[in-house]
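So this block is my_file16.tsv, TSV, N, CA and C atoms:
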chain	number	residue	atom	x	y	z
A	268	MET	N	-8.05	155.25	254.04
A	268	MET	CA	-8.69	153.95	254.07
A	268	MET	C	-8.24	153.09	252.90
A	269	LYS	N	-7.96	153.70	251.73
A	269	LYS	CA	-7.52	152.95	250.57
A	269	LYS	C	-6.17	152.28	250.83
A	270	LYS	N	-5.26	152.96	251.55
A	270	LYS	CA	-3.97	152.38	251.86
A	270	LYS	C	-4.13	151.15	252.76
A	271	LEU	N	-5.02	151.23	253.73
A	271	LEU	CA	-5.25	150.12	254.64
A	271	LEU	C	-5.79	148.91	253.89
A	272	ALA	N	-6.72	149.12	252.98
A	272	ALA	CA	-7.28	148.02	252.19
A	272	ALA	C	-6.20	147.39	251.32
A	273	LEU	N	-5.33	148.21	250.71
A	273	LEU	CA	-4.26	147.70	249.87
A	273	LEU	C	-3.28	146.87	250.68
A	274	ILE	N	-2.93	147.31	251.86
A	274	ILE	CA	-2.02	146.57	252.73
A	274	ILE	C	-2.64	145.23	253.11
A	275	ALA	N	-3.92	145.23	253.45
A	275	ALA	CA	-4.60	143.99	253.81
A	275	ALA	C	-4.62	143.01	252.64
A	276	ILE	N	-4.85	143.49	251.44
A	276	ILE	CA	-4.87	142.62	250.26
A	276	ILE	C	-3.49	142.03	250.02
A	277	VAL	N	-2.45	142.83	250.13
A	277	VAL	CA	-1.09	142.35	249.93
A	277	VAL	C	-0.76	141.29	250.98
A	278	LEU	N	-1.09	141.54	252.24
A	278	LEU	CA	-0.81	140.58	253.29
A	278	LEU	C	-1.58	139.28	253.07
A	279	LEU	N	-2.83	139.35	252.72
A	279	LEU	CA	-3.63	138.15	252.51
A	279	LEU	C	-3.19	137.39	251.28
A	280	SER	N	-2.77	138.09	250.24
A	280	SER	CA	-2.34	137.39	249.03
A	280	SER	C	-1.02	136.65	249.24
A	281	SER	N	-0.20	137.09	250.17
A	281	SER	CA	1.07	136.41	250.43
A	281	SER	C	0.97	135.41	251.58
A	282	LEU	N	-0.17	135.29	252.20
A	282	LEU	CA	-0.35	134.41	253.36
A	282	LEU	C	0.00	132.96	253.09
A	283	PRO	N	-0.47	132.32	252.02
A	283	PRO	CA	-0.17	130.91	251.85
A	283	PRO	C	1.32	130.61	251.73
A	284	ALA	N	2.11	131.49	251.16
A	284	ALA	CA	3.53	131.23	251.00
A	284	ALA	C	4.26	131.11	252.33
A	285	TRP	N	3.89	131.91	253.31
A	285	TRP	CA	4.63	131.81	254.57
A	285	TRP	C	3.84	131.12	255.66
A	286	ALA	N	2.57	130.88	255.49
A	286	ALA	CA	1.77	130.22	256.51
A	286	ALA	C	1.99	128.71	256.51
A	287	GLU	N	2.26	128.15	255.34
A	287	GLU	CA	2.48	126.71	255.24
A	287	GLU	C	3.90	126.37	255.66
A	288	PRO	N	4.07	125.35	256.50
A	288	PRO	CA	5.44	124.97	256.85
A	288	PRO	C	6.13	124.29	255.66
A	289	PRO	N	7.39	124.64	255.39
A	289	PRO	CA	8.10	124.02	254.28
A	289	PRO	C	8.49	122.58	254.61
A	290	TRP	N	8.72	121.81	253.55
A	290	TRP	CA	8.95	120.38	253.69
A	290	TRP	C	9.80	119.88	252.54
A	291	VAL	N	10.71	118.95	252.81
A	291	VAL	CA	11.49	118.31	251.75
A	291	VAL	C	11.30	116.81	251.72
A	292	GLY	N	10.67	116.22	252.74
A	292	GLY	CA	10.33	114.80	252.72
A	292	GLY	C	11.44	113.85	253.13
A	293	LEU	N	12.18	114.20	254.17
A	293	LEU	CA	13.26	113.35	254.65
A	293	LEU	C	12.99	112.90	256.07
A	294	GLN	N	13.34	111.65	256.39
A	294	GLN	CA	13.39	111.19	257.78
A	294	GLN	C	14.86	111.20	258.16
A	295	LEU	N	15.18	111.84	259.27
A	295	LEU	CA	16.57	112.05	259.64
A	295	LEU	C	16.93	111.39	260.96
A	296	GLY	N	18.20	111.08	261.10
A	296	GLY	CA	18.74	110.53	262.34
A	296	GLY	C	20.16	111.06	262.54
A	297	ALA	N	20.85	110.47	263.49
A	297	ALA	CA	22.22	110.88	263.81
A	297	ALA	C	23.17	110.45	262.70
A	298	GLY	N	24.08	111.34	262.34
A	298	GLY	CA	25.04	111.05	261.27
A	298	GLY	C	26.38	110.63	261.81
A	299	THR	N	27.27	110.25	260.88
A	299	THR	CA	28.61	109.82	261.25
A	299	THR	C	29.69	110.77	260.72
A	300	PHE	N	29.31	111.69	259.84
A	300	PHE	CA	30.26	112.65	259.25
A	300	PHE	C	30.06	114.06	259.79
A	301	GLY	N	29.30	114.20	260.88
A	301	GLY	CA	29.08	115.53	261.46
A	301	GLY	C	27.81	116.20	261.00
A	302	GLY	N	26.92	115.46	260.36
A	302	GLY	CA	25.64	116.01	259.90
A	302	GLY	C	24.48	115.16	260.35
A	303	ALA	N	23.36	115.32	259.68
A	303	ALA	CA	22.15	114.54	259.98
A	303	ALA	C	21.97	113.50	258.87
A	304	LYS	N	21.92	112.22	259.25
A	304	LYS	CA	21.80	111.13	258.27
A	304	LYS	C	20.37	110.99	257.79
A	305	VAL	N	20.20	110.79	256.50
A	305	VAL	CA	18.89	110.56	255.89
A	305	VAL	C	18.55	109.09	256.07
A	306	LYS	N	17.55	108.82	256.91
A	306	LYS	CA	17.12	107.44	257.14
A	306	LYS	C	16.23	106.95	256.01
A	307	SER	N	15.37	107.84	255.49
A	307	SER	CA	14.53	107.49	254.34
A	307	SER	C	14.08	108.78	253.66
A	308	VAL	N	13.70	108.61	252.39
A	308	VAL	CA	13.21	109.72	251.57
A	308	VAL	C	11.79	109.36	251.14
A	309	ILE	N	10.85	110.24	251.40
A	309	ILE	CA	9.45	109.97	251.06
A	309	ILE	C	9.27	110.05	249.54
A	310	PRO	N	8.68	108.99	248.95
A	310	PRO	CA	8.47	108.99	247.50
A	310	PRO	C	7.66	110.19	247.02
A	311	GLY	N	8.11	110.79	245.93
A	311	GLY	CA	7.43	111.95	245.36
A	311	GLY	C	7.74	113.26	246.03
A	312	SER	N	8.60	113.24	247.04
A	312	SER	CA	8.92	114.45	247.80
A	312	SER	C	9.94	115.31	247.05
A	313	PRO	N	10.07	116.58	247.46
A	313	PRO	CA	11.11	117.43	246.87
A	313	PRO	C	12.50	116.82	247.04
A	314	GLY	N	12.74	116.17	248.17
A	314	GLY	CA	14.04	115.54	248.40
A	314	GLY	C	14.33	114.43	247.41
A	315	GLU	N	13.32	113.61	247.12
A	315	GLU	CA	13.51	112.53	246.14
A	315	GLU	C	13.78	113.12	244.75
A	316	ARG	N	13.00	114.12	244.37
A	316	ARG	CA	13.18	114.73	243.04
A	316	ARG	C	14.55	115.40	242.91
A	317	ALA	N	15.11	115.85	244.04
A	317	ALA	CA	16.43	116.50	244.00
A	317	ALA	C	17.57	115.49	243.99
A	318	GLY	N	17.26	114.20	244.23
A	318	GLY	CA	18.29	113.18	244.19
A	318	GLY	C	18.89	112.81	245.52
A	319	ILE	N	18.19	113.11	246.61
A	319	ILE	CA	18.66	112.70	247.93
A	319	ILE	C	18.29	111.24	248.14
A	320	HIS	N	19.21	110.46	248.74
A	320	HIS	CA	19.00	109.03	248.95
A	320	HIS	C	19.17	108.68	250.43
A	321	ALA	N	18.49	107.60	250.84
A	321	ALA	CA	18.71	107.08	252.19
A	321	ALA	C	20.19	106.75	252.33
A	322	GLY	N	20.76	107.12	253.46
A	322	GLY	CA	22.18	106.91	253.70
A	322	GLY	C	23.01	108.17	253.49
A	323	ASP	N	22.49	109.12	252.71
A	323	ASP	CA	23.17	110.40	252.56
A	323	ASP	C	23.16	111.12	253.91
A	324	GLU	N	24.06	112.04	254.06
A	324	GLU	CA	24.11	112.85	255.28
A	324	GLU	C	24.12	114.33	254.90
A	325	VAL	N	23.24	115.11	255.53
A	325	VAL	CA	23.15	116.54	255.25
A	325	VAL	C	24.18	117.25	256.14
A	326	LEU	N	25.20	117.81	255.50
A	326	LEU	CA	26.27	118.49	256.24
A	326	LEU	C	26.00	119.98	256.42
A	327	ALA	N	25.33	120.59	255.42
A	327	ALA	CA	25.06	122.03	255.48
A	327	ALA	C	23.90	122.37	254.56
A	328	ILE	N	23.20	123.43	254.92
A	328	ILE	CA	22.15	124.00	254.08
A	328	ILE	C	22.44	125.48	253.94
A	329	ASP	N	22.53	125.93	252.69
A	329	ASP	CA	22.85	127.33	252.39
A	329	ASP	C	24.11	127.77	253.13
A	330	ASP	N	25.12	126.92	253.10
A	330	ASP	CA	26.44	127.16	253.70
A	330	ASP	C	26.43	127.24	255.23
A	331	ARG	N	25.33	126.84	255.88
A	331	ARG	CA	25.27	126.80	257.34
A	331	ARG	C	25.32	125.33	257.78
A	332	PRO	N	26.27	124.96	258.65
A	332	PRO	CA	26.39	123.56	259.09
A	332	PRO	C	25.10	123.04	259.74
A	333	THR	N	24.83	121.77	259.49
A	333	THR	CA	23.67	121.10	260.08
A	333	THR	C	24.17	119.88	260.83
A	334	ALA	N	24.48	120.06	262.10
A	334	ALA	CA	25.07	119.00	262.91
A	334	ALA	C	24.09	117.90	263.30
A	335	ASP	N	22.80	118.19	263.22
A	335	ASP	CA	21.80	117.19	263.62
A	335	ASP	C	20.47	117.46	262.92
A	336	ALA	N	19.51	116.59	263.17
A	336	ALA	CA	18.20	116.71	262.52
A	336	ALA	C	17.52	118.04	262.85
A	337	GLN	N	17.66	118.50	264.08
A	337	GLN	CA	17.02	119.77	264.47
A	337	GLN	C	17.58	120.94	263.67
A	338	ALA	N	18.86	120.90	263.37
A	338	ALA	CA	19.47	121.98	262.57
A	338	ALA	C	18.95	121.96	261.14
A	339	VAL	N	18.73	120.76	260.59
A	339	VAL	CA	18.17	120.65	259.24
A	339	VAL	C	16.75	121.21	259.23
A	340	ILE	N	15.95	120.81	260.21
A	340	ILE	CA	14.56	121.27	260.30
A	340	ILE	C	14.53	122.80	260.43
A	341	ALA	N	15.36	123.35	261.29
A	341	ALA	CA	15.38	124.80	261.49
A	341	ALA	C	15.78	125.52	260.21
A	342	ALA	N	16.75	124.98	259.48
A	342	ALA	CA	17.20	125.62	258.24
A	342	ALA	C	16.11	125.60	257.17
A	343	VAL	N	15.41	124.47	257.06
A	343	VAL	CA	14.33	124.37	256.07
A	343	VAL	C	13.19	125.30	256.45
A	344	GLN	N	12.81	125.31	257.72
A	344	GLN	CA	11.73	126.20	258.16
A	344	GLN	C	12.11	127.66	257.97
A	345	GLY	N	13.37	127.98	258.17
A	345	GLY	CA	13.84	129.35	257.98
A	345	GLY	C	13.80	129.79	256.53
A	346	GLY	N	13.94	128.84	255.61
A	346	GLY	CA	13.91	129.16	254.19
A	346	GLY	C	12.51	129.45	253.68
A	347	GLY	N	11.53	128.70	254.15
A	347	GLY	CA	10.15	128.89	253.74
A	347	GLY	C	9.81	128.20	252.42
A	348	VAL	N	8.51	128.06	252.19
A	348	VAL	CA	8.01	127.43	250.97
A	348	VAL	C	8.49	128.21	249.75
A	349	GLY	N	9.00	127.49	248.77
A	349	GLY	CA	9.47	128.11	247.53
A	349	GLY	C	10.96	128.40	247.51
A	350	HIS	N	11.62	128.34	248.67
A	350	HIS	CA	13.06	128.61	248.73
A	350	HIS	C	13.81	127.45	248.09
A	351	ALA	N	14.82	127.75	247.30
A	351	ALA	CA	15.69	126.73	246.72
A	351	ALA	C	16.93	126.63	247.58
A	352	GLY	N	16.93	125.67	248.48
A	352	GLY	CA	18.05	125.49	249.39
A	352	GLY	C	19.18	124.71	248.74
A	353	LYS	N	20.40	125.10	249.06
A	353	LYS	CA	21.60	124.39	248.59
A	353	LYS	C	22.05	123.46	249.71
A	354	LEU	N	21.89	122.15	249.49
A	354	LEU	CA	22.26	121.17	250.50
A	354	LEU	C	23.59	120.53	250.14
A	355	ARG	N	24.53	120.55	251.10
A	355	ARG	CA	25.79	119.83	250.92
A	355	ARG	C	25.62	118.48	251.57
A	356	LEU	N	25.80	117.43	250.78
A	356	LEU	CA	25.57	116.06	251.23
A	356	LEU	C	26.85	115.26	251.15
A	357	VAL	N	26.91	114.20	251.95
A	357	VAL	CA	27.99	113.23	251.84
A	357	VAL	C	27.34	111.84	251.83
A	358	ASP	N	27.85	110.95	250.97
A	358	ASP	CA	27.30	109.60	250.94
A	358	ASP	C	28.10	108.70	251.88
A	359	ALA	N	27.71	107.43	251.96
A	359	ALA	CA	28.35	106.49	252.89
A	359	ALA	C	29.82	106.27	252.60
A	360	LYS	N	30.25	106.50	251.34
A	360	LYS	CA	31.65	106.33	250.97
A	360	LYS	C	32.48	107.58	251.21
A	361	GLY	N	31.82	108.66	251.66
A	361	GLY	CA	32.54	109.90	251.95
A	361	GLY	C	32.60	110.88	250.80
A	362	HIS	N	31.91	110.59	249.70
A	362	HIS	CA	31.88	111.51	248.55
A	362	HIS	C	30.87	112.62	248.81
A	363	THR	N	31.29	113.88	248.65
A	363	THR	CA	30.39	115.01	248.89
A	363	THR	C	29.87	115.55	247.58
A	364	ARG	N	28.68	116.14	247.65
A	364	ARG	CA	28.07	116.82	246.52
A	364	ARG	C	27.14	117.89	247.05
A	365	THR	N	26.84	118.86	246.22
A	365	THR	CA	25.89	119.92	246.57
A	365	THR	C	24.74	119.86	245.59
A	366	ILE	N	23.53	119.89	246.13
A	366	ILE	CA	22.33	119.85	245.29
A	366	ILE	C	21.42	121.01	245.68
A	367	SER	N	20.48	121.29	244.82
A	367	SER	CA	19.47	122.30	245.10
A	367	SER	C	18.13	121.60	245.25
A	368	VAL	N	17.39	121.95	246.28
A	368	VAL	CA	16.05	121.40	246.49
A	368	VAL	C	15.11	122.55	246.82
A	369	THR	N	13.98	122.59	246.13
A	369	THR	CA	12.99	123.64	246.36
A	369	THR	C	12.00	123.16	247.41
A	370	TYR	N	11.89	123.91	248.50
A	370	TYR	CA	11.01	123.55	249.60
A	370	TYR	C	9.55	123.73	249.17
A	371	GLU	N	8.72	122.77	249.54
A	371	GLU	CA	7.30	122.81	249.22
A	371	GLU	C	6.49	122.76	250.50
A	372	ALA	N	5.20	123.09	250.39
A	372	ALA	CA	4.28	122.93	251.52
A	372	ALA	C	4.07	121.44	251.75
A	373	ARG	N	4.04	121.06	253.00
A	373	ARG	CA	3.85	119.65	253.33
A	373	ARG	C	2.46	119.20	252.90
A	374	PRO	N	2.38	118.09	252.14
A	374	PRO	CA	1.06	117.59	251.73
A	374	PRO	C	0.33	116.99	252.93
A	375	ASP	N	-0.99	116.88	252.81
A	375	ASP	CA	-1.74	116.27	253.91
A	375	ASP	C	-1.48	114.76	253.91
A	376	ARG	N	-1.78	114.13	255.02
A	376	ARG	CA	-1.50	112.71	255.23
A	376	ARG	C	-2.18	111.84	254.16
A	377	GLU	N	-3.42	112.15	253.82
A	377	GLU	CA	-4.15	111.35	252.83
A	377	GLU	C	-3.45	111.38	251.48
A	378	SER	N	-2.97	112.54	251.07
A	378	SER	CA	-2.25	112.65	249.79
A	378	SER	C	-0.97	111.83	249.80
A	379	MET	N	-0.23	111.87	250.91
A	379	MET	CA	1.01	111.10	251.00
A	379	MET	C	0.73	109.60	250.96
A	380	GLN	N	-0.32	109.16	251.66
A	380	GLN	CA	-0.66	107.74	251.65
A	380	GLN	C	-1.10	107.30	250.26
A	381	ARG	N	-1.92	108.12	249.61
A	381	ARG	CA	-2.39	107.79	248.27
A	381	ARG	C	-1.20	107.66	247.32
A	382	HIS	N	-0.27	108.59	247.40
A	382	HIS	CA	0.89	108.57	246.51
A	382	HIS	C	1.75	107.32	246.77
A	383	ALA	N	1.87	106.93	248.03
A	383	ALA	CA	2.70	105.78	248.38
A	383	ALA	C	2.04	104.45	248.02
A	384	LEU	N	0.71	104.41	247.97
A	384	LEU	CA	0.01	103.14	247.77
A	384	LEU	C	-0.57	102.94	246.38
A	385	VAL	N	-1.15	103.96	245.80
A	385	VAL	CA	-1.82	103.81	244.50
A	385	VAL	C	-0.80	103.49	243.42
A	386	GLY	N	-1.10	102.44	242.65
A	386	GLY	CA	-0.22	102.05	241.56
A	386	GLY	C	0.90	101.11	241.97
A	387	HIS	N	0.94	100.71	243.23
A	387	HIS	CA	1.96	99.78	243.71
A	387	HIS	C	1.30	98.46	244.06
A	388	GLU	N	2.10	97.42	244.00
A	388	GLU	CA	1.60	96.09	244.33
A	388	GLU	C	1.22	96.02	245.81
A	389	ALA	N	0.09	95.38	246.08
A	389	ALA	CA	-0.36	95.24	247.46
A	389	ALA	C	0.53	94.26	248.20
A	390	PRO	N	0.75	94.49	249.49
A	390	PRO	CA	1.57	93.55	250.27
A	390	PRO	C	0.86	92.23	250.43
A	391	ASP	N	1.63	91.17	250.66
A	391	ASP	CA	1.07	89.83	250.86
A	391	ASP	C	0.62	89.72	252.32
A	392	PHE	N	-0.67	89.53	252.51
A	392	PHE	CA	-1.22	89.46	253.86
A	392	PHE	C	-1.53	88.02	254.27
A	393	GLN	N	-0.55	87.16	254.19
A	393	GLN	CA	-0.76	85.77	254.59
A	393	GLN	C	-0.78	85.71	256.11
A	394	PRO	N	-1.78	85.03	256.64
A	394	PRO	CA	-1.83	84.92	258.10
A	394	PRO	C	-0.68	84.06	258.61
A	395	SER	N	-0.19	84.39	259.76
A	395	SER	CA	0.86	83.59	260.38
A	395	SER	C	0.42	83.18	261.77
A	396	VAL	N	0.96	82.11	262.24
A	396	VAL	CA	0.57	81.59	263.55
A	396	VAL	C	1.63	81.85	264.56
Since I need it in another form, could you write the structure as structure tokens?
Amino acid sequence: MKKLALIAIVLLSSLPAWAEPPWVGLQLGAGTFGGAKVKSVIPGSPGERAGIHAGDEVLAIDDRPTADAQAVIAAVQGGGVGHAGKLRLVDAKGHTRTISVTYEARPDRESMQRHALVGHEAPDFQPSV
């Protein structure tokens, strides 16, 4: 019975690391260099902190080609929260670079909205006809 309790404790203590879906904070679309183009980077995200910019294209993650957005998503999900993925990127001018980004658990919607809005100037809400 002691072994069973120990196994349950180990499984429960590691649950948050693999139960949360990993996230890097990128919006992706079709690329022009054979990868997935970064349409936007969410402020405060792991992708922003790693230096990914809108217009970059993800060519590979951990040396595996990423021909489209679905391949990028699958590679990130396969790595899991806490994994430091090596992303090979190309910019609009064709210059390639490799960066490391540590995958994090996706924050809840309220946290993302708060981060995007708090401390920034409010938009101008002038009525139009």
Selected residue, from A:Arg331, A:Gly345, A:Ser307, A:Lys360, that lies nearest to Leu295 (chain A) when counting all atoms listed in the file: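 So, comparing all the options, the nearest one is A:Ser307.
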Env of Leu293 (chain A): 8 Å cut, atoms = all atoms listed in the file, seq-sep filter 3 positions within chain, self excluded. Answer as a PyMOL selection string. chain A and resi 290+296+304-309+312-315
Compile the contact shell of Ala351 (chain A) as a PyMOL selection string: residues with an atom at most 5 Å away, counting all atoms listed in the file, same-chain residues fewer than 4 positions apart removed. chain A and resi 368-370
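One distance worth recording is that between CA of Ala297 (chain A) and CA of Asp335 (chain A), which is 6.3 Å.
For the atom pair formed by atom C of Gly352 (chain A) and atom C of Ile328 (chain A), the distance is 6.2 Å, given to one decimal.
Using only C-alpha atoms, the shortest contact distance between Gly346 (chain A) and any of A:Ala303, A:Arg364, A:Ala372, A:Ala321 is found at A:Ala372.
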What's the separation between CA of Arg373 (chain A) and CA of Ala317 (chain A), in Å to one decimal place?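 Going from CA of Arg373 (chain A) over to CA of Ala317 (chain A) covers 16.0 Å.
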Choose the residue, out of A:Gly292, A:Ser367, A:Gly298, A:Asp329, that has the smallest atom-to-atom separation from Gly311 (chain A); count only N, CA and C atoms.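 For Gly311 (chain A), the nearest of the given residues is A:Gly292.
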Which polymer residues have any atom within 7 Å of an atom of Gly347 (chain A), counting only C-alpha atoms, with same-chain residues fewer than 4 positions away left out, as number ranges by chain? A: 285, 288-289, 343, 370
Could you list as a CSV table (one decimal) with N, CA and C atoms, in the coordinates of the input every residue that has an atom within 7 Å of (24.2, 117.0, 259.7), using the file's coordinates and counting only N, CA and C atoms?
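So part-v1.csv came out as:
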chain,number,residue,atom,x,y,z
A,298,GLY,N,24.1,111.3,262.3
A,298,GLY,CA,25.0,111.0,261.3
A,298,GLY,C,26.4,110.6,261.8
A,300,PHE,N,29.3,111.7,259.8
A,300,PHE,CA,30.3,112.6,259.2
A,300,PHE,C,30.1,114.1,259.8
A,301,GLY,N,29.3,114.2,260.9
A,301,GLY,CA,29.1,115.5,261.5
A,301,GLY,C,27.8,116.2,261.0
A,302,GLY,N,26.9,115.5,260.4
A,302,GLY,CA,25.6,116.0,259.9
A,302,GLY,C,24.5,115.2,260.4
A,303,ALA,N,23.4,115.3,259.7
A,303,ALA,CA,22.2,114.5,260.0
A,303,ALA,C,22.0,113.5,258.9
A,304,LYS,N,21.9,112.2,259.2
A,304,LYS,CA,21.8,111.1,258.3
A,304,LYS,C,20.4,111.0,257.8
A,324,GLU,N,24.1,112.0,254.1
A,324,GLU,CA,24.1,112.8,255.3
A,324,GLU,C,24.1,114.3,254.9
A,325,VAL,N,23.2,115.1,255.5
A,325,VAL,CA,23.2,116.5,255.2
A,325,VAL,C,24.2,117.2,256.1
A,326,LEU,N,25.2,117.8,255.5
A,326,LEU,CA,26.3,118.5,256.2
A,326,LEU,C,26.0,120.0,256.4
A,327,ALA,N,25.3,120.6,255.4
A,327,ALA,CA,25.1,122.0,255.5
A,327,ALA,C,23.9,122.4,254.6
A,332,PRO,N,26.3,125.0,258.6
A,332,PRO,CA,26.4,123.6,259.1
A,332,PRO,C,25.1,123.0,259.7
A,333,THR,N,24.8,121.8,259.5
A,333,THR,CA,23.7,121.1,260.1
A,333,THR,C,24.2,119.9,260.8
A,334,ALA,N,24.5,120.1,262.1
A,334,ALA,CA,25.1,119.0,262.9
A,334,ALA,C,24.1,117.9,263.3
A,335,ASP,N,22.8,118.2,263.2
A,335,ASP,CA,21.8,117.2,263.6
A,335,ASP,C,20.5,117.5,262.9
A,336,ALA,N,19.5,116.6,263.2
A,336,ALA,CA,18.2,116.7,262.5
A,336,ALA,C,17.5,118.0,262.8
A,339,VAL,N,18.7,120.8,260.6
A,339,VAL,CA,18.2,120.6,259.2
A,339,VAL,C,16.8,121.2,259.2
Please, which residues of region 337-367 of chain A, numbered as in this document, come out helix (DSSP H, G or I) from DSSP, as a list in words?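 Checking each residue of region 337-367 of chain A, the helix (DSSP H, G or I) ones are Gln337, Ala338, Val339, Ile340, Ala341, Ala342, Val343, Gln344, Gly345 and Gly346 of chain A.
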Would you mind exporting N, CA and C atoms of the selected residues as a PDB file, keeping the file's coordinate frame?
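Saved to out17.pdb:
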ATOM      1  N   GLN A 337      17.660 118.500 264.080  1.00  0.00           N
ATOM      2  CA  GLN A 337      17.020 119.770 264.470  1.00  0.00           C
ATOM      3  C   GLN A 337      17.580 120.940 263.670  1.00  0.00           C
ATOM      4  N   ALA A 338      18.860 120.900 263.370  1.00  0.00           N
ATOM      5  CA  ALA A 338      19.470 121.980 262.570  1.00  0.00           C
ATOM      6  C   ALA A 338      18.950 121.960 261.140  1.00  0.00           C
ATOM      7  N   VAL A 339      18.730 120.760 260.590  1.00  0.00           N
ATOM      8  CA  VAL A 339      18.170 120.650 259.240  1.00  0.00           C
ATOM      9  C   VAL A 339      16.750 121.210 259.230  1.00  0.00           C
ATOM     10  N   ILE A 340      15.950 120.810 260.210  1.00  0.00           N
ATOM     11  CA  ILE A 340      14.560 121.270 260.300  1.00  0.00           C
ATOM     12  C   ILE A 340      14.530 122.800 260.430  1.00  0.00           C
ATOM     13  N   ALA A 341      15.360 123.350 261.290  1.00  0.00           N
ATOM     14  CA  ALA A 341      15.380 124.800 261.490  1.00  0.00           C
ATOM     15  C   ALA A 341      15.780 125.520 260.210  1.00  0.00           C
ATOM     16  N   ALA A 342      16.750 124.980 259.480  1.00  0.00           N
ATOM     17  CA  ALA A 342      17.200 125.620 258.240  1.00  0.00           C
ATOM     18  C   ALA A 342      16.110 125.600 257.170  1.00  0.00           C
ATOM     19  N   VAL A 343      15.410 124.470 257.060  1.00  0.00           N
ATOM     20  CA  VAL A 343      14.330 124.370 256.070  1.00  0.00           C
ATOM     21  C   VAL A 343      13.190 125.300 256.450  1.00  0.00           C
ATOM     22  N   GLN A 344      12.810 125.310 257.720  1.00  0.00           N
ATOM     23  CA  GLN A 344      11.730 126.200 258.160  1.00  0.00           C
ATOM     24  C   GLN A 344      12.110 127.660 257.970  1.00  0.00           C
ATOM     25  N   GLY A 345      13.370 127.980 258.170  1.00  0.00           N
ATOM     26  CA  GLY A 345      13.840 129.350 257.980  1.00  0.00           C
ATOM     27  C   GLY A 345      13.800 129.790 256.530  1.00  0.00           C
ATOM     28  N   GLY A 346      13.940 128.840 255.610  1.00  0.00           N
ATOM     29  CA  GLY A 346      13.910 129.160 254.190  1.00  0.00           C
ATOM     30  C   GLY A 346      12.510 129.450 253.680  1.00  0.00           C
TER      31      GLY A 346
END
So, with only N, CA and C atoms as the atoms that count, which of A:Asp375, A:Thr363, A:Gly349, A:Val357 lies closest to Gly322 (chain A)?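 Closest candidate: A:Val357.
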